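Q: So that we are looking at the same thing, I have put the structure below in structure tokens.
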Amino acid sequence: MINKISVITKDTKRVAFKTLGCRLNQYETDALVTNFDRAGYRLVNFDESPDVVVVNTCTVTNQSDQKSRTVISQAARKNKGAVVVVTGCMANNFKEKLESQENITFVVENNRKSSILSLVEAHFSGEILHPDKLPQDVFSYNPVRKSLHTRSAIKIQDGCDNFCTFCIIPMVRGRAVSRPVAEVLENVRKTIENGFREIVITGVNIGRYEDGETRFEDLLAQILEVPGDFRVRISSLEPDGFGDGFVELFSHPKLMPHLHLCLQSGSEKTLLRMRRMYDVEQFRKTLRQFRSIYPDFNFTTDVLVGFPGETNDEFLQTLDAVREFGFSHVHTFKYSVRNGTRAERLENQIPETIKNERSALVRQLSDDNRLKYYKTLIGRTQHVLVEKFSKNKASGYGDLYVPIEFQSTDIQKNTVHAVKLTGLSGEGEKLYFVGELRNQ
């Protein structure tokens with residue numbers, strides 16, 4: 001991508017960012033990085049004495065809360081005197097508690113996050129501006145130009161109306177809203193003009209996108225027709241809200257054959273208690289439909305273990321489903337009580353020791369699935385978007401969103417190369433392909 005080079009003077013302010021949680025948070029941080037860069041700030045790490053620290057938090061689980069608290073504490077302790085801005089979902093969930101902490105300068109809720117630069121600029125100008133006075137707009141982010149990542153996300157939607165019994169996201173992200181089609185397409189065009197070779201369609205529940213008569217797959221079809229040499233990925237997706245036309249779109253050369261489709265549980269009873277909008281058979285039919293057309297299609301997923309009332313038999317059904325569906329990666333997380341959710345009031349809460357045991361079993365099965373799937377791809381060719389290059393070794397992700405490393409000289413980041421997969425290295429979640437650069 002094309003990055004603006006800021007002129008660094010003795011008066012140049014330095015800003016550091018830390019992002020926790022989902023792809024949507026990562027996108028919003030990248031958009032903020034672009035804003036601060038355009039304003040002349042220098043992007044630095046936490047340990048480089050920044051004048052401003054922005055922590056974009058997550059609150060989806062107790063573990064997420066703890067990680068966010070740790071990062072906030074570290075940011076304030078290492079950078080005394082810096083402006084510390086806490087935003088993201090934890091800022092919505094624990095706003096008053098965070099505002100009471102002396103080591104935090106500003107707490108900015110999600111719907112005002114895009115205006116953080118204005119808040120910081122006002123502070124340095126001596127103005128008194130409270131975060132609650134910032135404009136509310138979840139889509140007023142500029143197209144990403146300077147980024148912490150090789151690919152850029154495109155935000156098409158925010159919020160959720162599903163209200164799964166375990167999930168706090170509707171409370172901290174709000175009700176579902178969709179970005180107008182014209183704004184999405186303009187954002188795509190400008191992002192490609194800024195030099196990105198890959199974009200990721202993201203939001204909270206993107207399958208429920210709706211702008212007038214335009215639904216998610218309609219919007220995706222229009223994105224794929226935007227001129228330019230780029231490829232498209234889809235971030236986490238619920239297994240409902242799309243039809244047959246969505247499957248057919250993956251025949252387009254720009255749309256990469258990978259989906260992170262959220263299962264959560266392989267037990268029908270557990271899915272009902274979670275208030276999920278699908279059943280296991282519906283999920284099975286979706287995967288079969290994809291694989292009947294694209295046999296190598298790569299599916300990854302989320303699994304939530306230890307949901308209240310989850311019996312051993314119900315958990316074993318989840319293991320069976322993970323094994324049957326052949327996910328190459330399972331993001332496994334333990335159920336956490338979220339205040340204000342329906343699951344908080346459910347009986348038969350699962351002990352932490354059992355959650356740990358079940359989590360470990362799912363992770364082991366995930367590793368087994370990954371190895372089995374990766375072995376079927378040896379000898380195939382993947383087109384790798386280079387994210388890192390050092391000491392004549394380049395690495396990145398192929399079409400199927402599998403990690404690949406290959407040897408070469410004079411390779412540039414953000415370029416795409418055909419690579420033949422010759423073997424595997426590493427193990428577990430760190431398993432990756434080694435390959436040979438094909439003649440271009």
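Order determines the names: the first chain of the structure tokens is A, the second B, and so forth; residues in each chain are numbered 1 upward, and ligands are numbered 1 upward as they are shown.
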Pull the helix (DSSP H, G or I) assignments for region 127-236 of chain A out of DSSP run on the backbone, and list those residues as a ChimeraX atom specification.
A: /A:131-133,169-173,181-193,206-208,216-224
Q: Hey, could you make a per-residue contact list for region 92-120 of chain A against region 64-86 of chain A with 9 Å as the cut-off, showing the nearest pair of atoms and its distance in Å to one decimal, counting only C-alpha atoms, sorted by chain and number, as a Markdown table?
A:
| residue | atom | partner | partner_atom | distance |
| --- | --- | --- | --- | --- |
| A:Leu98 | CA | A:Val86 | CA | 8.2 |
| A:Asn103 | CA | A:Ala76 | CA | 5.8 |
| A:Ile104 | CA | A:Val84 | CA | 5.2 |
| A:Thr105 | CA | A:Val84 | CA | 5.1 |
| A:Phe106 | CA | A:Val85 | CA | 4.8 |
| A:Val107 | CA | A:Val86 | CA | 4.9 |
| A:Val108 | CA | A:Val86 | CA | 6.2 |
| A:Glu109 | CA | A:Val86 | CA | 8.5 |
| A:Ile116 | CA | A:Val85 | CA | 8.2 |
| A:Val120 | CA | A:Val83 | CA | 7.8 |
Q: Write out as JSON, numbers by chain the set of residues from region 15-212 of chain A that DSSP, computed on the backbone, places in strand (DSSP E or B).
A: {"A": [15, 16, 17, 18, 19, 42, 43, 52, 53, 54, 55, 56, 57, 83, 84, 85, 86, 87, 88, 106, 107, 152, 153, 154, 155, 157, 158, 177, 178, 198, 199, 200, 201, 202, 210, 211]}
Q: With distances taken over only C-alpha atoms, which of A:Val33, A:Val337, A:Cys164, A:Val434 is nearest to Gln63 (chain A)?
A: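 Once distances to Gln63 (chain A) are computed over only C-alpha atoms, the minimum belongs to A:Val337.
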Q: Report, in Å with one decimal, the straight-line distance from CA of Leu400 (chain A) to CA of Gly21 (chain A).
A: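 CA of Gly21 (chain A) lies 22.6 Å from CA of Leu400 (chain A).
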Q: Looking at A:Pro351, A:Gly195, A:Pro180, A:Gly203, which one is nearest to Lys155 (chain A), with distances taken over only C-alpha atoms?
A: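 Residue with the minimum atom-to-atom distance to Lys155 (chain A): A:Gly203.
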Q: Report the distance between CA of Ser390 (chain A) and CA of Ser425 (chain A) in Å, rounded to one decimal place.
A: 17.8 Å
Q: Which residues are near Gly212 (chain A)? Cut-off 12 Å, only C-alpha atoms, ignore same chain within fewer than 6 positions. Put them as a list in words.
A: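 The residues satisfying every condition are Val177, Ser178, Arg179, Pro180, Val181, Ala182, Asp218 and Leu219 of chain A.
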Q: Would you kindly return, as a PDB file with C-alpha atoms, in the first residue's frame, each protein, DNA or RNA residue with an atom no farther than 12 Å from any atom of Pro227 (chain A), considering only C-alpha atoms and excluding same-chain residues fewer than 3 positions away?
A:
ATOM      1  CA  LEU A 185     -18.148   0.858  -3.144  1.00  0.00           C
ATOM      2  CA  GLU A 186     -16.425   4.243  -2.908  1.00  0.00           C
ATOM      3  CA  VAL A 188     -13.402  -0.080  -1.855  1.00  0.00           C
ATOM      4  CA  ARG A 189     -12.278   1.998  -4.838  1.00  0.00           C
ATOM      5  CA  LYS A 190     -10.222   4.379  -2.721  1.00  0.00           C
ATOM      6  CA  THR A 191      -8.668   1.554  -0.708  1.00  0.00           C
ATOM      7  CA  ILE A 192      -7.538  -0.128  -3.932  1.00  0.00           C
ATOM      8  CA  GLU A 193      -6.214   3.208  -5.215  1.00  0.00           C
ATOM      9  CA  GLN A 222     -20.918  -5.335  -6.834  1.00  0.00           C
ATOM     10  CA  ILE A 223     -17.653  -5.212  -4.875  1.00  0.00           C
ATOM     11  CA  LEU A 224     -16.207  -7.970  -7.065  1.00  0.00           C
ATOM     12  CA  PHE A 230      -7.149  -7.080  -5.966  1.00  0.00           C
ATOM     13  CA  ARG A 231      -8.690 -10.027  -4.186  1.00  0.00           C
ATOM     14  CA  LYS A 254     -11.300 -12.195  -6.984  1.00  0.00           C
TER      15      LYS A 254
END
Q: Under the rule that only C-alpha atoms are counted, which of A:Val419, A:Val60, A:Ile354, A:Leu43 is the nearest residue to Gly398 (chain A)?
A: A:Val419
Q: Excluding Gln26 (chain A) and any residue of its chain fewer than 5 positions from it, enumerate the residues within 9 Å of it, using only C-alpha atoms, and give them as a list in words.
A: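 Contacts, in chain order: Thr19, Leu20, Gly21, Ala31, Asn56, Leu148, His149 and Ala153 of chain A.
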Q: With only C-alpha atoms as the counted atoms, please give the residues lying no more than 8 Å from Val144 (chain A), apart from itself and same-chain residues fewer than 3 positions off, as a VMD selection string.
A: chain A and resid 30 to 31 34 147 152 191 194
Q: Could you save those same residues with C-alpha atoms as a PDB file, in the first residue's frame?
A:
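Final file, again.pdb:
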ATOM      1  CA  ASP A  30      -6.145   1.095  10.883  1.00  0.00           C
ATOM      2  CA  ALA A  31      -8.578   3.868   9.947  1.00  0.00           C
ATOM      3  CA  THR A  34      -4.578   6.784   8.713  1.00  0.00           C
ATOM      4  CA  SER A 147      -1.970   0.561   7.945  1.00  0.00           C
ATOM      5  CA  SER A 152      -7.289  -3.674   4.539  1.00  0.00           C
ATOM      6  CA  THR A 191      -8.668   1.554  -0.708  1.00  0.00           C
ATOM      7  CA  ASN A 194      -4.189   3.427  -1.994  1.00  0.00           C
TER       8      ASN A 194
END
Q: Neighbouring residues of Ile169 (chain A) were defined as those with any atom within 12 Å, considering only C-alpha atoms; residues of the same chain fewer than 3 positions away were excluded. Please report them as an MDAnalysis selection string.
A: chainID A and resid 22 58:61 88:90 92:93 110 158:166 172:176 203:205 338:341
Q: Output C-alpha atoms of each residue in that selection to a file, as an mmCIF file, in the first residue's frame.
A:
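out25.cif was written with the following content:
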data_model
loop_
_atom_site.group_PDB
_atom_site.id
_atom_site.type_symbol
_atom_site.label_atom_id
_atom_site.label_comp_id
_atom_site.auth_asym_id
_atom_site.auth_seq_id
_atom_site.Cartn_x
_atom_site.Cartn_y
_atom_site.Cartn_z
ATOM 1 C CA CYS A 22 -11.964 -8.890 16.286
ATOM 2 C CA CYS A 58 -12.434 -6.178 23.556
ATOM 3 C CA THR A 59 -14.959 -7.415 26.122
ATOM 4 C CA VAL A 60 -16.418 -10.578 24.574
ATOM 5 C CA THR A 61 -15.105 -12.816 27.407
ATOM 6 C CA GLY A 88 -13.687 -0.321 21.864
ATOM 7 C CA CYS A 89 -16.259 -2.633 23.387
ATOM 8 C CA MET A 90 -14.861 -2.547 26.916
ATOM 9 C CA ASN A 92 -19.004 0.653 26.377
ATOM 10 C CA ASN A 93 -19.297 -2.209 28.835
ATOM 11 C CA ASN A 110 -17.635 2.644 19.831
ATOM 12 C CA ASP A 158 -22.148 -2.734 12.547
ATOM 13 C CA GLY A 159 -24.234 -3.983 15.453
ATOM 14 C CA CYS A 160 -26.391 -7.097 15.787
ATOM 15 C CA ASP A 161 -30.062 -7.944 16.347
ATOM 16 C CA ASN A 162 -29.641 -11.659 17.036
ATOM 17 C CA PHE A 163 -29.234 -11.417 20.830
ATOM 18 C CA CYS A 164 -27.675 -14.844 21.341
ATOM 19 C CA THR A 165 -28.071 -15.633 25.018
ATOM 20 C CA PHE A 166 -24.321 -15.619 25.749
ATOM 21 C CA VAL A 172 -21.742 -2.728 23.321
ATOM 22 C CA ARG A 173 -22.057 -2.371 19.525
ATOM 23 C CA GLY A 174 -25.760 -1.546 19.341
ATOM 24 C CA ARG A 175 -28.480 -2.666 16.954
ATOM 25 C CA ALA A 176 -27.685 -3.717 13.399
ATOM 26 C CA GLY A 203 -18.741 -6.017 10.318
ATOM 27 C CA VAL A 204 -20.461 -7.544 13.332
ATOM 28 C CA ASN A 205 -23.055 -9.614 11.444
ATOM 29 C CA ARG A 338 -21.597 -11.515 30.639
ATOM 30 C CA ASN A 339 -23.720 -9.282 32.830
ATOM 31 C CA GLY A 340 -27.084 -8.482 31.320
ATOM 32 C CA THR A 341 -27.235 -11.486 28.984
#
Q: Find the residue from A:Phe139, A:Phe297, A:Phe406, A:Tyr373 that sits nearest to Ile156 (chain A); use only C-alpha atoms when measuring.
A: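 Closest candidate: A:Phe139.
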Q: Tell me, in Å to one decimal, how far CA of Ile350 (chain A) is from CA of Val305 (chain A).
A: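 Between CA of Ile350 (chain A) and CA of Val305 (chain A) the gap is 9.3 Å.
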Q: Could you check which of A:His383, A:Arg151, A:Arg323, A:Lys269 is closest to Glu405 (chain A), using only C-alpha atoms?
A: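 The closest residue to Glu405 (chain A) is A:His383.
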Q: Let me make sure I understand: among A:Ala16, A:Leu117, A:Val52, A:Leu431, which one has the smallest atom-to-atom distance to Lys375 (chain A) if we use only C-alpha atoms?
A: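 That would be A:Leu431, the residue with the smallest distance to Lys375 (chain A).
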